[in-house]
Amino acid sequence: MESSSPSVPFPLLQAPVESTYRACTIPYRFPSDNPRKATPVEIQWIDLFLNSVPSFRQRAENDPTVPDAPAKAEKFAQRYTAMLEELKKNPESNGGPPDCIHLCRLRELILRELGFTDIFKKVKDEENAKAMSLFEGVVQRNDEIEDDGKRAENLIRGILAGNIFDLGSAQLAEVFAKDGMSFLASCQNLVSRPWVIDDLDAFKNKWSNKSWEKAVIFVDNSGADIILGILPFARELLRRGTKVILAANDMPSINDVTYLELVEIINKLKDENGKLAGVDASDLLVANSGNDLPVIDLSSVSPELAYLANDADLVVLEGMGRAIETNLYAQMKCDSIKIGMVKHPEVAQFLGGRLYDCVFKFNEA
């Protein structure tokens with residue numbers, strides 16, 4: 001089930017990648033720490049992954065595509081819990097020491113070994129259908145904003161509001177199960193600015209004075225996130241003459257959208273003339289990032305994405321996994337945006353912000 005294509009470093013990372021790039025943002029340990037004793041941060045994060053086991057087990061046992069799903073889901077929960085407990089006792093066990101990429105990878109490997117390839121498929125399909133019915137209304141509201149800077153801010157708020165739909169966060173999975181989420185209410189209820197990282201004013205200034213030639217956007221979740229958050233932003237870039245590449249996962253992971261699902265979504269949203277709510281979408285491409293996790297290590301992407309992204313002058317990383325827990329400090333050769341909502345108390349604590357705070361980090365080349 002592992003992605004079979006060879007991988008290459010993302011070409012827009014500052015070189016040399018080996019010495020200037022580290023994927024994981026939060027250091028779980030330092031060289032001076034005892035390699036055989038778990039650090040307080042490692043224990044804190046292992047506990048976070050332990051807390052999410054019941055919600056993953058529940059999704060797995062209801063997977064209609066897997067024979068004996070309840071028994072296999074129980075096996076997943078036991079095996080993953082045992083591995084995490086073992087990492088607490090000995091951080092060098094199970095391929096450790098742990099970081100957020102390693103903890104995600106172990107979870108996905110166990111699920112896939114037991115035959116679970118996409119335990120969030122049903123909820124993704126439901127949320128995509130719901131969000132697609134709202135797409136026209138959301139872009140129409142953006143189009144009605146005449147002031148350039150205000151429209152840019154509205155689009156950014158839309159990305160942050162859409163990013164709330166994240167079933168990898170135990171608290172949010174619970175809220176979502178209760179009553180779903182209203183996109184408009186989410187836009188209006190974002191925490192007040194200034195956010196924990198807030199470069200929005202600098203970005204709005206740049207937006208008013210420049211349009212980029214080509215943007216690469218690493219996308220995150222299905223549903224409102226991609227359809228009501230990212231696609232209106234991508235459409236606005238297209239309208240301003242920017243070529244846009246949406247980089248999506250090769251394989252399913254949590255409720256992240258895959259590149260095949262994204263191709264299908266865009267085809268359904270386009271009209272018979274290939275337009276996206278009235279905007280020519282011939283310069284919109286979907287690329288397979290080569291990734292199969294909710295976080296991403298940019299030293300290892302698909303050759304296809306590397307080729308398409310080589311001459312881009314804007315890189316956008318979106319979502320807590322790709323833009324905050326990994327890559328927050330990744331340095332690019334071009335302008336870059338890291339945008340996402342803080343959905344784990346542990347991340348809020350590291351950044352010195354609030355739970356459900358927002359990150360909007362804009363760096364010029």
# chains A, B, ... in the order shown; residues from 1 in each chain; ligands from 1
$ select_by_dssp --residues "range 259-352 of chain A" --states "strand (DSSP E or B)" --output "list of chain:residue names"
A:Lys270, A:Lys275, A:Leu276, A:Val279, A:Asp280, A:Leu284, A:Leu285, A:Val286, A:Ala287, A:Asn288, A:Val301, A:Leu314, A:Val315, A:Val316, A:Leu317, A:Glu318, A:Thr326, A:Met332, A:Asp335, A:Ser336, A:Ile337, A:Lys338, A:Ile339, A:Gly340, A:Met341
$ write_last_selection --atoms "N, CA and C atoms" --output "mmCIF file, in the first residue's frame"
data_model
loop_
_atom_site.group_PDB
_atom_site.id
_atom_site.type_symbol
_atom_site.label_atom_id
_atom_site.label_comp_id
_atom_site.auth_asym_id
_atom_site.auth_seq_id
_atom_site.Cartn_x
_atom_site.Cartn_y
_atom_site.Cartn_z
ATOM 1 N N LYS A 270 -16.974 22.390 -12.309
ATOM 2 C CA LYS A 270 -16.809 23.147 -13.563
ATOM 3 C C LYS A 270 -18.072 23.070 -14.405
ATOM 4 N N LYS A 275 -15.347 26.233 -16.944
ATOM 5 C CA LYS A 275 -15.187 27.384 -16.041
ATOM 6 C C LYS A 275 -15.611 27.025 -14.625
ATOM 7 N N LEU A 276 -14.923 27.645 -13.675
ATOM 8 C CA LEU A 276 -15.206 27.446 -12.252
ATOM 9 C C LEU A 276 -15.946 28.686 -11.767
ATOM 10 N N VAL A 279 -15.075 31.554 -13.968
ATOM 11 C CA VAL A 279 -13.649 31.858 -14.173
ATOM 12 C C VAL A 279 -12.989 30.711 -14.951
ATOM 13 N N ASP A 280 -12.222 31.063 -15.987
ATOM 14 C CA ASP A 280 -11.537 30.054 -16.801
ATOM 15 C C ASP A 280 -10.596 29.225 -15.925
ATOM 16 N N LEU A 284 -5.713 25.536 -14.052
ATOM 17 C CA LEU A 284 -5.796 24.872 -12.745
ATOM 18 C C LEU A 284 -5.432 23.396 -12.913
ATOM 19 N N LEU A 285 -4.370 22.971 -12.231
ATOM 20 C CA LEU A 285 -3.927 21.576 -12.324
ATOM 21 C C LEU A 285 -3.967 20.923 -10.951
ATOM 22 N N VAL A 286 -4.258 19.623 -10.937
ATOM 23 C CA VAL A 286 -4.188 18.860 -9.687
ATOM 24 C C VAL A 286 -3.001 17.908 -9.801
ATOM 25 N N ALA A 287 -2.124 17.935 -8.801
ATOM 26 C CA ALA A 287 -0.936 17.072 -8.830
ATOM 27 C C ALA A 287 -0.952 16.110 -7.648
ATOM 28 N N ASN A 288 -0.393 14.952 -7.869
ATOM 29 C CA ASN A 288 -0.205 13.957 -6.811
ATOM 30 C C ASN A 288 1.072 14.328 -6.053
ATOM 31 N N VAL A 301 8.876 14.350 -2.209
ATOM 32 C CA VAL A 301 7.609 14.526 -2.934
ATOM 33 C C VAL A 301 7.694 13.791 -4.274
ATOM 34 N N LEU A 314 4.984 31.205 -5.753
ATOM 35 C CA LEU A 314 4.240 31.232 -4.492
ATOM 36 C C LEU A 314 3.945 29.798 -4.068
ATOM 37 N N VAL A 315 4.264 29.483 -2.810
ATOM 38 C CA VAL A 315 3.931 28.168 -2.246
ATOM 39 C C VAL A 315 3.019 28.381 -1.050
ATOM 40 N N VAL A 316 1.890 27.665 -1.034
ATOM 41 C CA VAL A 316 0.962 27.743 0.093
ATOM 42 C C VAL A 316 0.859 26.364 0.730
ATOM 43 N N LEU A 317 1.127 26.281 2.022
ATOM 44 C CA LEU A 317 0.922 25.036 2.778
ATOM 45 C C LEU A 317 -0.250 25.280 3.705
ATOM 46 N N GLU A 318 -1.240 24.377 3.651
ATOM 47 C CA GLU A 318 -2.473 24.632 4.394
ATOM 48 C C GLU A 318 -2.789 23.483 5.340
ATOM 49 N N THR A 326 4.173 20.327 10.744
ATOM 50 C CA THR A 326 5.363 20.222 9.883
ATOM 51 C C THR A 326 5.430 21.496 9.040
ATOM 52 N N MET A 332 11.641 28.785 1.897
ATOM 53 C CA MET A 332 11.428 28.608 0.458
ATOM 54 C C MET A 332 12.250 29.616 -0.349
ATOM 55 N N ASP A 335 8.071 33.341 -2.490
ATOM 56 C CA ASP A 335 7.091 33.742 -1.476
ATOM 57 C C ASP A 335 6.372 32.503 -0.949
ATOM 58 N N SER A 336 6.020 32.515 0.338
ATOM 59 C CA SER A 336 5.320 31.345 0.883
ATOM 60 C C SER A 336 4.303 31.761 1.939
ATOM 61 N N ILE A 337 3.252 30.951 2.026
ATOM 62 C CA ILE A 337 2.219 31.131 3.053
ATOM 63 C C ILE A 337 2.075 29.812 3.797
ATOM 64 N N LYS A 338 2.062 29.880 5.127
ATOM 65 C CA LYS A 338 1.683 28.721 5.950
ATOM 66 C C LYS A 338 0.411 29.148 6.673
ATOM 67 N N ILE A 339 -0.670 28.408 6.452
ATOM 68 C CA ILE A 339 -1.957 28.813 7.007
ATOM 69 C C ILE A 339 -2.692 27.621 7.604
ATOM 70 N N GLY A 340 -3.234 27.797 8.798
ATOM 71 C CA GLY A 340 -3.980 26.700 9.404
ATOM 72 C C GLY A 340 -4.533 27.115 10.757
ATOM 73 N N MET A 341 -5.398 26.259 11.266
ATOM 74 C CA MET A 341 -5.969 26.500 12.585
ATOM 75 C C MET A 341 -5.306 25.588 13.603
#
$ residues_around --residues "Lys150 in chain A" --least-positions-apart "6" --cutoff "10 Å" --atoms "only C-alpha atoms" --output "ChimeraX atom specification"
/A:142,156,204
$ write_last_selection --atoms "N, CA and C atoms" --output "PDB file, in the first residue's frame"
ATOM      1  N   ASN A 142     -17.817  36.367  -2.102  1.00  0.00           N
ATOM      2  CA  ASN A 142     -16.473  36.939  -2.285  1.00  0.00           C
ATOM      3  C   ASN A 142     -16.470  37.955  -3.417  1.00  0.00           C
ATOM      4  N   ILE A 156      -8.984  34.472   2.907  1.00  0.00           N
ATOM      5  CA  ILE A 156      -8.108  33.854   3.910  1.00  0.00           C
ATOM      6  C   ILE A 156      -8.937  33.349   5.097  1.00  0.00           C
ATOM      7  N   LYS A 204      -1.797  41.219   2.493  1.00  0.00           N
ATOM      8  CA  LYS A 204      -2.798  42.022   1.775  1.00  0.00           C
ATOM      9  C   LYS A 204      -2.119  43.136   0.983  1.00  0.00           C
TER      10      LYS A 204
END
$ closest_residue --among "A:Ala82, A:Val53, A:Val257, A:Cys334" --to "Ala365 in chain A" --atoms "only C-alpha atoms"
A:Cys334
$ atom_distance --atom1 "CA of Gly158 in chain A" --atom2 "CA of Ile227 in chain A"
10.1 Å
$ closest_residue --among "A:Leu134, A:Ile101, A:Leu155, A:Val66" --to "Leu114 in chain A" --atoms "only C-alpha atoms"
A:Val66
$ residues_around --residues "Asn205 in chain A" --least-positions-apart "4" --cutoff "12 Å" --atoms "only C-alpha atoms" --output "ChimeraX atom specification"
/A:148-150,152-153,199-201,209-211,362,364
$ residues_around --residues "range 37-43 of chain A" --least-positions-apart "2" --cutoff "6 Å" --atoms "only C-alpha atoms" --output "PyMOL selection string"
chain A and resi 28+34-35+45-46+88+91
$ write_last_selection --atoms "C-alpha atoms" --output "compact mmCIF listing (two decimals), in the first residue's frame"
# COMPACT_ATOMS: atom_id res chain seq x y z
CA TYR A 28 10.23 16.23 20.79
CA ASN A 34 18.75 10.35 27.21
CA PRO A 35 17.98 8.25 24.08
CA TRP A 45 2.41 13.74 22.08
CA ILE A 46 2.17 9.98 22.44
CA LYS A 88 6.77 5.72 26.19
CA PRO A 91 11.60 5.83 22.65
$ atom_distance --atom1 "CA of Phe56 in chain A" --atom2 "CA of Cys104 in chain A"
12.2 Å
$ residues_around --residues "Pro232 in chain A" --least-positions-apart "3" --cutoff "7 Å" --atoms "only C-alpha atoms" --output "list of chain:residue names"
A:Val139, A:Leu155, A:Leu228, A:Gly229, A:Arg235, A:Glu236
$ write_last_selection --atoms "C-alpha atoms" --output "short mmCIF file (atom, residue, chain, number, x, y, z; two decimals), in the first residue's frame"
data_model
loop_
_atom_site.label_atom_id
_atom_site.label_comp_id
_atom_site.auth_asym_id
_atom_site.auth_seq_id
_atom_site.Cartn_x
_atom_site.Cartn_y
_atom_site.Cartn_z
CA VAL A 139 -17.77 32.58 -4.34
CA LEU A 155 -10.74 34.49 1.22
CA LEU A 228 -15.29 26.36 0.42
CA GLY A 229 -11.83 27.40 1.67
CA ARG A 235 -10.28 30.65 -8.34
CA GLU A 236 -9.36 34.22 -7.33
#
$ closest_residue --among "A:Arg22, A:Lys361, A:His344, A:Lys72" --to "Ile164 in chain A" --atoms "only C-alpha atoms"
A:His344
$ atom_distance --atom1 "CA of Val216 in chain A" --atom2 "CA of Asn255 in chain A"
20.9 Å
